[in-house]
Each structure stands twice: as C-alpha cells, then as structure tokens.
file model_11.cif (mmCIF, C-alpha atoms)
data_target
#
loop_
_atom_site.label_atom_id
_atom_site.label_comp_id
_atom_site.auth_asym_id
_atom_site.auth_seq_id
_atom_site.Cartn_x
_atom_site.Cartn_y
_atom_site.Cartn_z
CA GLU A 427 44.03 26.23 42.76
CA LYS A 428 45.23 24.65 45.94
CA GLY A 429 42.94 25.30 48.88
CA LYS A 430 39.99 26.37 46.71
CA ARG A 431 36.86 24.40 47.17
CA GLU A 432 34.26 23.86 44.49
CA PHE A 433 30.64 23.95 45.60
CA ASN A 434 27.75 22.22 43.90
CA PHE A 435 24.65 24.16 44.90
CA GLU A 436 21.37 22.29 44.58
CA GLU A 437 18.03 21.99 46.34
CA VAL A 438 18.67 19.93 49.46
CA ASP A 439 15.95 18.59 51.75
CA LEU A 440 17.28 19.82 55.09
CA VAL A 441 15.02 17.53 57.13
CA LEU A 442 16.26 14.45 55.27
CA LEU A 443 19.87 15.63 55.53
CA ILE A 444 19.57 16.09 59.30
CA LYS A 445 18.06 12.61 59.62
CA ASP A 446 20.89 11.16 57.51
CA VAL A 447 23.50 12.81 59.74
CA ILE A 448 21.76 11.57 62.89
CA ASN A 449 21.58 8.03 61.50
CA SER A 450 25.26 8.09 60.56
CA MET A 451 26.18 9.16 64.11
CA GLN A 452 23.83 6.85 66.08
CA TYR A 453 26.66 4.53 67.07
CA ILE A 454 28.70 7.40 68.51
CA PHE A 455 25.71 8.69 70.48
CA LYS A 456 25.16 5.20 71.84
CA ILE A 457 28.75 4.41 72.90
CA LYS A 458 29.20 7.89 74.40
CA LYS A 459 25.83 7.43 76.19
CA PHE A 460 24.24 10.59 74.83
CA ASP A 461 20.51 11.17 74.87
CA LEU A 462 19.53 12.68 71.52
CA LYS A 463 16.31 14.66 71.26
CA THR A 464 15.00 16.02 67.99
CA SER A 465 12.25 18.37 66.92
CA LEU A 466 12.20 18.60 63.15
CA VAL A 467 9.76 20.15 60.71
CA GLU A 468 7.40 17.61 59.17
CA GLY A 469 7.84 17.05 55.48
CA PRO A 470 10.59 18.32 53.24
CA GLN A 471 12.28 21.68 53.82
CA TYR A 472 14.35 22.64 50.81
CA VAL A 473 17.38 24.93 50.93
CA LEU A 474 19.85 25.85 48.22
CA ALA A 475 23.17 24.43 49.40
CA ASP A 476 26.10 22.17 48.68
CA ARG A 477 24.85 18.90 50.21
CA ASP A 478 28.27 17.50 51.11
CA SER A 479 29.45 20.75 52.69
CA LEU A 480 26.27 21.14 54.70
CA MET A 481 26.53 17.55 55.89
CA GLU A 482 30.14 18.17 56.92
CA VAL A 483 29.07 21.24 58.92
CA LEU A 484 26.31 19.31 60.73
CA VAL A 485 28.60 16.36 61.54
CA ASN A 486 31.21 18.79 62.85
CA LEU A 487 28.63 20.62 64.96
CA LEU A 488 27.37 17.39 66.52
CA SER A 489 30.88 16.00 67.00
CA ASN A 490 31.90 19.17 68.82
CA SER A 491 28.76 18.98 70.93
CA ILE A 492 29.83 15.52 72.06
CA LYS A 493 33.49 16.44 72.46
CA TYR A 494 32.97 19.62 74.49
CA SER A 495 30.01 18.61 76.62
CA LYS A 496 31.00 18.09 80.20
CA ASP A 497 28.73 16.02 82.40
CA LYS A 498 25.54 16.72 80.49
CA LYS A 499 24.94 13.84 78.10
CA GLU A 500 22.07 15.33 76.12
CA ILE A 501 21.96 16.86 72.68
CA SER A 502 18.85 18.51 71.27
CA ILE A 503 18.42 19.23 67.60
CA ILE A 504 15.64 21.72 67.03
CA GLN A 505 14.60 22.96 63.63
CA ASN A 506 12.25 25.94 63.60
CA LEU A 507 10.54 27.79 60.81
CA ASP A 508 9.75 31.37 61.71
CA VAL A 509 10.65 34.18 59.38
CA ASP A 510 13.98 32.47 58.74
CA LEU A 511 15.08 28.91 59.09
CA THR A 512 17.00 28.33 62.32
CA PHE A 513 18.91 25.28 63.42
CA SER A 514 20.32 24.84 66.89
CA VAL A 515 22.06 22.08 68.81
#
call {"tool": "encode", "arguments": {"input": "model_11.cif", "output": "structure tokens"}}
result
Amino acid sequence: EKGKREFNFEEVDLVLLIKDVINSMQYIFKIKKFDLKTSLVEGPQYVLADRDSLMEVLVNLLSNSIKYSKDKKEISIIQNLDVDLTFSV
C-alpha cells in the first residue's frame, strides 16, 4: 500500500552505525564549523532494528542539531548504558 513502509529488523551494531553516520556527515560538520564530541561505548552494542531507518533517524537528528543551533557550534553525541540504552545529542 502507498505510504506503508516495510522494515527489515536485524541485529545492528549501534556503535558502528553511529560511527558510520558521523563519518558520512564529517564534511557538513567541517564546512559549518561545528565541534563534534563523542562518547561511545567501547565494542559492539547490538540492538534489534531496521538499519536504514535507524540511520535515517540519526542523520535527521544531527542535521536538525546543525540547522537549529544558534551561536553554539558544538554537538555532543553521548551513548550510555545504564538500565536502558540512551542516546542523546
């Protein structure tokens, strides 16, 4: 049906996915003069997700961080493992 999206759930290494997104956006960070700081979990961190959809969400989140930041030219990506997995920008 039109407008329905098919998802392909699989084990996705979230750490590697975040690094891939960061690498794909390095040029934008550089030309927009953003300072990017990261704190990621060491080693793989697997989640059950649709890889492409999750990548799209992360790119959108970072793009909006750039677009809607005012004078502050810093983005921090922090991945924590407590009881739940949290991700913040």
call {"tool": "residues_around", "arguments": {"input": "model_11.cif", "residues": "Ser489 of chain A", "least_positions_apart": "4", "cutoff": "12 Å", "atoms": "all atoms listed in the file", "output": "list in words"}}
result
Val447, Ile448, Ser450, Met451, Gln452, Ile454, Phe455, Lys458, Phe460, Glu482, Val483, Leu484, Val485, Lys493, Tyr494, Ser495, Ile501 and Val515 of chain A
call {"tool": "write_last_selection", "arguments": {"input": "model_11.cif", "atoms": "C-alpha atoms", "output": "compact mmCIF listing (two decimals), in the frame of the given file"}}
result
# COMPACT_ATOMS: atom_id res chain seq x y z
CA VAL A 447 23.50 12.81 59.74
CA ILE A 448 21.76 11.57 62.89
CA SER A 450 25.26 8.09 60.56
CA MET A 451 26.18 9.16 64.11
CA GLN A 452 23.83 6.85 66.08
CA ILE A 454 28.70 7.40 68.51
CA PHE A 455 25.71 8.69 70.48
CA LYS A 458 29.20 7.89 74.40
CA PHE A 460 24.24 10.59 74.83
CA GLU A 482 30.14 18.17 56.92
CA VAL A 483 29.07 21.24 58.92
CA LEU A 484 26.31 19.31 60.73
CA VAL A 485 28.60 16.36 61.54
CA LYS A 493 33.49 16.44 72.46
CA TYR A 494 32.97 19.62 74.49
CA SER A 495 30.01 18.61 76.62
CA ILE A 501 21.96 16.86 72.68
CA VAL A 515 22.06 22.08 68.81
call {"tool": "resolve_selection", "arguments": {"input": "model_11.cif", "expression": "the PyMOL selection byres ((chain A and resi 477) around 10)", "output": "NGL selection string"}}
result
:A and (433-440 or 443 or 473-476 or 478-483)
call {"tool": "atom_distance", "arguments": {"input": "model_11.cif", "atom1": "atom CA of Ser502 of chain A", "atom2": "atom CA of Ser465 of chain A"}}
result
7.9 Å
call {"tool": "closest_residue", "arguments": {"input": "model_11.cif", "among": "A:Val441, A:Ile492, A:Leu507, A:Glu432", "to": "Leu462 of chain A", "atoms": "all atoms listed in the file"}}
result
A:Ile492
call {"tool": "closest_residue", "arguments": {"input": "model_11.cif", "among": "A:Asn449, A:Asn506, A:Asn486, A:Ser491", "to": "Gln471 of chain A", "atoms": "only C-alpha atoms"}}
result
A:Asn506
call {"tool": "atom_distance", "arguments": {"input": "model_11.cif", "atom1": "atom CA of Asp461 of chain A", "atom2": "atom CA of Lys499 of chain A"}}
result
6.1 Å
call {"tool": "atom_distance", "arguments": {"input": "model_11.cif", "atom1": "atom CA of Asn490 of chain A", "atom2": "atom CA of Gly469 of chain A"}}
result
27.6 Å
